[in-house]
Amino acid sequence: MTALAAVRTSAAVNDGGLLKPSWAEVVKIQPEAEGIATYWLRFQDSNLSKAYRFLPGQFNMLYMPGYGEAAISISSDPEQRDVIGHTVRFVGNVTRAINRLKIGDVVGIRGPFGTHWPVENLEGKDLIIAVGGIGIPPLRPAIYHILRNRAKFGKITLLYGARTPSDLLFSSELDEWRKSDIDIQITVDRADSNWQGQVGVVPTLFYKFRLDPTRTAVLTCGPEIMIRFVVFEALARRVPTNQIYVSMERNMKCGQGSCGHCQIGPYFVCKDGPVFPFSAVEPYFNVEDF
Amino acid sequence: MAELPINVGSVVALPKPRLDDLLAKLREKGYQTIGPRVGDGTVQYQPIRGASEMPQGYTSEEEAGKYRLVSSGNSRYFDYTPGAQSWKQIFFPPRITLFDLCKNGGWKPVGSLEPSPRYALVGVRPCEIAAIKIQDLAFLRTDFVDPVYQERRKNAFILAVNCLRPGGTCFCASMGTGPQLSSGYDLGLTEMDDVFLVDVGSAAGKDILSGLPVAKPDAAIMGKAKQAVDAAKTKMGRQLDISDLPDVLLKNLDHPEWEAISKRCMSCASCTLVCPTCFCWDTQDHSSLNGTETERERVWDSCFNPGYSYQAGGNTRPNVRSRYRQWLTHKLGSWKQQYGVLGCVGCGRCITWCPVKIDITEEIPALRKETRS
Amino acid sequence: MDFQPVSFELIRSIPLFADLSIQHQKVIAEMSSIRPFQENEEIFHEGDTSDCLYLMLDGRVALEIHIPNRGRSRILTVEPQEMLGWSGITDVVPRRTLTARGVCDGRLLCIDAPKLIKACEQDHDLGFVVMHHVANVIAGRLMATRMQLLDMFSDPSSEARHG
């Protein structure tokens, strides 16, 4: 497993190994699109609030008593310590319960778990961040980090796809990011005549610019099928497999590599991932239903 | 009788009728004795108080999809092959409450993990010790320790027994886990006609023996015991060539045999429940009707359950082919990458208890056959 | 519509034509013109005869299909240096199946399709290069279409299966 160069961090929220959550209050709910909102949470324990740290790409387990837990990637700035942002799509029992939360309600948290986007190792490189749908929230912390250290990176290109223009997340921030010299290419699967932007799919955005494979890293997150085609385009442009980082999604339940659900071959996605160098998961990537 | 000097590594002889004294001594020392008992037509691991509750005079017949207890025609205690249950139910309970919550101004935890009794496991086979060691690797990692498992495991006493009569589905000799004890026990028995030879495996084992009427075994009985253990190696009902594992599995993920197995496998999860190493678990919340109390429970799960690989957006393993493949490629494949050992001890339970007689000792060779590619 | 003649230098500067010989570049220049368009202007319409193959010089063009009772749906946009209107040189799709509309002001290079086909027939070296480019365009369109068909960003809960 030497391909897993990414640093592992131990969970800041100690669950005693029994999945005991710490409690956090909903301080703000930011609707992002139909069926998606960002929940800003603050730990009730102020010491924990001060001690909590996460790295871009890591996730928390959010617990709704009576419903269970859901793995939700952290979408806020790692340097923002008082509240933590979780962008949630309401698709399952737990997330639909989260959808019923109001300001001041309480939710359980365990985390942070998993590997992170290795931004500290990518300084000096050109970065292509290729995301689709609900794949952008796990990369937003990395983007904040890059913006704060903009001079340390080369060309930054964000390729972002959504189903329709109204499904685009964080639209109001994208212009801010552009000002910091990030080339942002947005595309949607379908639109009406009012949409002035691009229509098409994320992988084809690779057709529209040139990259230097010797100094480029690709970070991608989104539906696995999209990741497959993004990797395909990156490999076609000779980006090395260990310079392509993918965030994998599996049924994550414990966050400790213990319950077994999130396995891909030898890996437990919750602890060995979710961020993998593509070289690590390549042998299993095109195996059906693995 | 003069007091015999006993040390770790000593082998002494205990007259058979004194097995009860040994069990009594364990209880006296505060252990809850769990041992083999006949129940539901098979051998189960349940609390026992004396040797009379054990399956004396029984032996068992195993084949794929078959387990029968029959009279052995002798008075031995350990001539059966273990049934569906394994010791994992002791250290890794099928259901256990992790915590209770009560809504009282906010969610407050109620109670805490109950201290575990000290268990003495009676009649643990070499393959079962190997299975416990494998689960130790999964639950007692350097980077994560499971408190439930640790609490139950740390003070447990293992009264092991050499396997002299392997069953029809056994292949521990192939896996290098038996039939002879090697380590990991406090006391290790070898059952002869009139005595148990007792191998002292630990200081705790030595402690239990003190005061019991043990004698120095003579050379003849030692020789007979060695013969019996050696003979057991040749009586395996099954064998498995593991020389090219895990590669033969991990490099054949698209082998047509997976599809063929899926036509027979019912995805019933029986093999994972009886497997002494399978460790997957799930959580369930149970709430009171008014929603003010909830219990968070941990339960065994199986990679054969559809919900196991369900995630928002669908199911990663939507068919039996992919679920069976996950089980076998983990057990005899990626397990090695994760924990340094294969996840199979050759106990044969998955073969015995499969309702459609799927036999991994046949499936591995089938997967080894060249494919068209 | 205001077509403007094309200089050989312009053709030479287009990356897509870099693998054509100077002779072939001249041939292309002779059968091409510049077609400026404005925001919201229809460049061609569903059902029109396909008499031109376009290359985007600048601006952005949207391909739309009109769905009765649902209005115009934008299914693809074309960016500078990309080809547009490939049906112009195929027999199977003799008419425009989509409407092309300017998203903003811009310019297209318009290559006369019947003349291009004739030139390709007469000179297979030219024909190979042109058809090679057109095949690439169609392959890209096909991949994008397949991915759009998957509707991969749709709400999974609406079709989630627990087994």
# chains A, B, ... in the order shown; residues from 1 in each chain; ligands from 1
call {"tool": "residues_around", "arguments": {"residues": "stretch 184-192 of chain B", "least_positions_apart": "5", "cutoff": "8 Å", "atoms": "only C-alpha atoms", "output": "ChimeraX atom specification"}}
result
/B:76-78,129,133,157-163,197-206,225
call {"tool": "write_last_selection", "arguments": {"atoms": "C-alpha atoms", "output": "tab-separated table (two decimals), in the first residue's frame"}}
result
chain	number	residue	atom	x	y	z
B	76	ARG	CA	-14.78	-39.09	24.44
B	77	TYR	CA	-15.81	-35.48	24.86
B	78	PHE	CA	-14.16	-33.91	21.83
B	129	ILE	CA	-7.49	-20.19	17.89
B	133	LYS	CA	-5.87	-14.42	16.17
B	157	PHE	CA	-9.16	-17.96	29.26
B	158	ILE	CA	-8.65	-20.35	26.39
B	159	LEU	CA	-8.91	-24.05	27.22
B	160	ALA	CA	-7.95	-25.52	23.87
B	161	VAL	CA	-8.04	-29.03	22.55
B	162	ASN	CA	-6.01	-30.79	19.88
B	163	CYS	CA	-8.16	-31.97	17.03
B	197	LEU	CA	-2.79	-34.60	28.44
B	198	VAL	CA	-2.64	-30.96	29.45
B	199	ASP	CA	-0.14	-28.63	27.82
B	200	VAL	CA	0.45	-25.54	29.93
B	201	GLY	CA	0.37	-22.56	27.57
B	202	SER	CA	0.42	-19.60	29.96
B	203	ALA	CA	0.85	-18.49	33.54
B	204	ALA	CA	-2.92	-18.28	33.85
B	205	GLY	CA	-3.11	-21.87	32.70
B	206	LYS	CA	-0.53	-22.93	35.22
B	225	ALA	CA	-0.82	-38.80	21.76
call {"tool": "closest_atom_pairs", "arguments": {"of": "chain B", "to": "chain A", "cutoff": "8 Å", "atoms": "only C-alpha atoms", "output": "CSV"}}
result
residue,atom,partner,partner_atom,distance
B:Leu98,CA,A:Leu18,CA,5.8
B:Phe99,CA,A:Lys20,CA,7.4
B:Leu101,CA,A:Pro65,CA,7.9
B:Gly106,CA,A:Val106,CA,7.4
B:Ala138,CA,A:Ser258,CA,7.1
B:Phe139,CA,A:Ser258,CA,7.2
B:Phe144,CA,A:Gln256,CA,7.0
B:Val145,CA,A:Gly17,CA,7.0
B:Asp146,CA,A:Gly17,CA,5.7
B:Pro147,CA,A:Gly17,CA,6.1
B:Val148,CA,A:Leu18,CA,8.0
B:Leu253,CA,A:Val287,CA,7.1
B:Asp254,CA,A:Val287,CA,7.3
B:Phe279,CA,A:Cys259,CA,7.2
B:Cys280,CA,A:Cys259,CA,4.8
B:Trp281,CA,A:Cys259,CA,4.9
B:Asp282,CA,A:Cys259,CA,6.6
B:Thr283,CA,A:Gly68,CA,7.7
B:Gln284,CA,A:Gly68,CA,7.0
B:Asp285,CA,A:Gly66,CA,5.1
B:His286,CA,A:Gly66,CA,6.2
B:Ser287,CA,A:Gly66,CA,5.4
B:Gly291,CA,A:Gly66,CA,7.6
B:Thr294,CA,A:Gly66,CA,5.8
B:Glu295,CA,A:Gly66,CA,7.8
B:Cys303,CA,A:His261,CA,7.6
B:Tyr308,CA,A:His261,CA,6.1
B:Ser309,CA,A:Asn251,CA,5.9
B:Tyr310,CA,A:Asn251,CA,6.2
B:Gln311,CA,A:Asn251,CA,5.1
B:Ala312,CA,A:Val91,CA,6.2
B:Thr316,CA,A:Asp289,CA,5.7
B:Arg317,CA,A:Asp289,CA,4.9
B:Pro318,CA,A:Asp289,CA,7.0
B:Ser322,CA,A:Asp289,CA,5.8
B:Gln326,CA,A:Phe290,CA,7.1
B:Thr329,CA,A:Gly265,CA,7.9
B:His330,CA,A:Gly265,CA,7.1
B:Ser334,CA,A:Pro266,CA,4.7
B:Trp335,CA,A:Pro266,CA,6.8
B:Gln337,CA,A:Pro266,CA,5.9
B:Gln338,CA,A:Pro266,CA,5.8
call {"tool": "residues_around", "arguments": {"residues": "B:Ser210", "least_positions_apart": "2", "cutoff": "10 Å", "atoms": "only C-alpha atoms", "output": "list in words"}}
result
Glu3, Leu4, Pro5, Ile6, Leu22, Lys25, Gly205, Lys206, Asp207, Ile208, Leu212, Pro213 and Val214 of chain B
call {"tool": "residues_around", "arguments": {"residues": "stretch 8-12 of chain C", "least_positions_apart": "5", "cutoff": "8 Å", "atoms": "only C-alpha atoms", "output": "PDB file with N, CA, C and O atoms, in the first residue's frame"}}
result
ATOM      1  N   PHE C  17      -6.020  23.121 -39.120  1.00  0.00           N
ATOM      2  CA  PHE C  17      -5.550  22.949 -40.503  1.00  0.00           C
ATOM      3  C   PHE C  17      -4.034  22.799 -40.590  1.00  0.00           C
ATOM      4  O   PHE C  17      -3.455  22.780 -41.677  1.00  0.00           O
ATOM      5  N   ALA C  18      -3.374  22.699 -39.436  1.00  0.00           N
ATOM      6  CA  ALA C  18      -1.915  22.675 -39.431  1.00  0.00           C
ATOM      7  C   ALA C  18      -1.360  21.454 -40.157  1.00  0.00           C
ATOM      8  O   ALA C  18      -0.253  21.499 -40.694  1.00  0.00           O
ATOM      9  N   GLN C  25      -4.265  23.996 -47.950  1.00  0.00           N
ATOM     10  CA  GLN C  25      -4.739  25.166 -47.191  1.00  0.00           C
ATOM     11  C   GLN C  25      -5.302  26.226 -48.158  1.00  0.00           C
ATOM     12  O   GLN C  25      -6.305  26.870 -47.880  1.00  0.00           O
ATOM     13  N   LYS C  26      -4.641  26.337 -49.297  1.00  0.00           N
ATOM     14  CA  LYS C  26      -5.124  27.298 -50.302  1.00  0.00           C
ATOM     15  C   LYS C  26      -6.488  26.877 -50.846  1.00  0.00           C
ATOM     16  O   LYS C  26      -7.389  27.692 -51.022  1.00  0.00           O
ATOM     17  N   ILE C  28      -8.733  25.187 -49.294  1.00  0.00           N
ATOM     18  CA  ILE C  28      -9.739  25.479 -48.260  1.00  0.00           C
ATOM     19  C   ILE C  28     -10.058  26.975 -48.255  1.00  0.00           C
ATOM     20  O   ILE C  28     -11.225  27.387 -48.192  1.00  0.00           O
ATOM     21  N   ALA C  29      -9.020  27.798 -48.341  1.00  0.00           N
ATOM     22  CA  ALA C  29      -9.219  29.246 -48.309  1.00  0.00           C
ATOM     23  C   ALA C  29     -10.157  29.690 -49.420  1.00  0.00           C
ATOM     24  O   ALA C  29     -11.032  30.546 -49.229  1.00  0.00           O
TER      25      ALA C  29
END
call {"tool": "residues_around", "arguments": {"residues": "A:Met248", "least_positions_apart": "5", "cutoff": "10 Å", "atoms": "only C-alpha atoms", "output": "ChimeraX atom specification"}}
result
/A:220-224,227,262,264,269-270,273-276,281
call {"tool": "residues_around", "arguments": {"residues": "stretch 122-130 of chain C", "least_positions_apart": "6", "cutoff": "8 Å", "atoms": "only C-alpha atoms", "output": "PyMOL selection string"}}
result
chain C and resi 19-20+24
call {"tool": "atom_distance", "arguments": {"atom1": "atom CA of C:Leu57", "atom2": "atom CA of C:Ile34"}}
result
9.0 Å
